[in-house]
Amino acid sequence: MLLVVAIAFSGSLSATTTPKKVTSKSFTTAVGKLLKSPKFILEKETTVLVKLTFNDEGEIVVLSTNADSEIIESFIKSRLNYANVSHDLQDKSKDYIVPVRLVPEY
């Protein structure tokens with residue numbers, strides 16, 4: 001039986017240079033769509049913190065994750081790196097931490 005993974009982002013981003021929370025529903029929605037339909041089985045709910053920034057072309061660059069699985073980390077990086085998503089983040093030169101919740105569906 002193949003398990004499907006549901007990806008849910010919390011509705012906030014936090015800039016690593018300031019403690020202030022920045023909300024961006026459009027960004028989390030766009031990234032959530034990029035992380036749909038993984039090709040692996042997830043056995044338990046997992047939350048991964050993804051540190052990312054944007055390059056000069058406005059594309060996402062994943063700097064690191066705290067994933068405890070290489071499969072999950074590779075999945076996140078392969079789907080997000082160099083993706084160009086529309087967003088309303090004000091300072092694209094900052095690094096952001098995005099919590100990603102992966103939930104198995106039975």
# chains A, B, ... in the order shown; residues from 1 in each chain; ligands from 1

$ select_by_dssp --residues "range 33-85 of chain A" --states "helix (DSSP H, G or I)" --output "NGL selection string"
:A and (33-34 or 70-80)

$ write_last_selection --atoms "C-alpha atoms" --output "compact mmCIF listing (two decimals), in the first residue's frame"
# COMPACT_ATOMS: atom_id res chain seq x y z
CA LYS A 33 2.19 22.84 -4.18
CA LEU A 34 5.83 22.13 -5.09
CA GLU A 70 18.42 11.82 3.61
CA ILE A 71 15.36 10.85 1.58
CA ILE A 72 13.28 13.69 3.04
CA GLU A 73 16.12 16.20 2.71
CA SER A 74 16.78 15.22 -0.92
CA PHE A 75 13.05 15.42 -1.68
CA ILE A 76 12.75 18.93 -0.25
CA LYS A 77 15.92 20.19 -1.96
CA SER A 78 15.07 18.65 -5.33
CA ARG A 79 11.59 20.17 -5.34
CA LEU A 80 12.45 23.63 -3.98

$ closest_residue --among "A:Thr53, A:Ser37, A:Thr46, A:Asn84" --to "Ser69 in chain A" --atoms "only C-alpha atoms"
A:Thr46
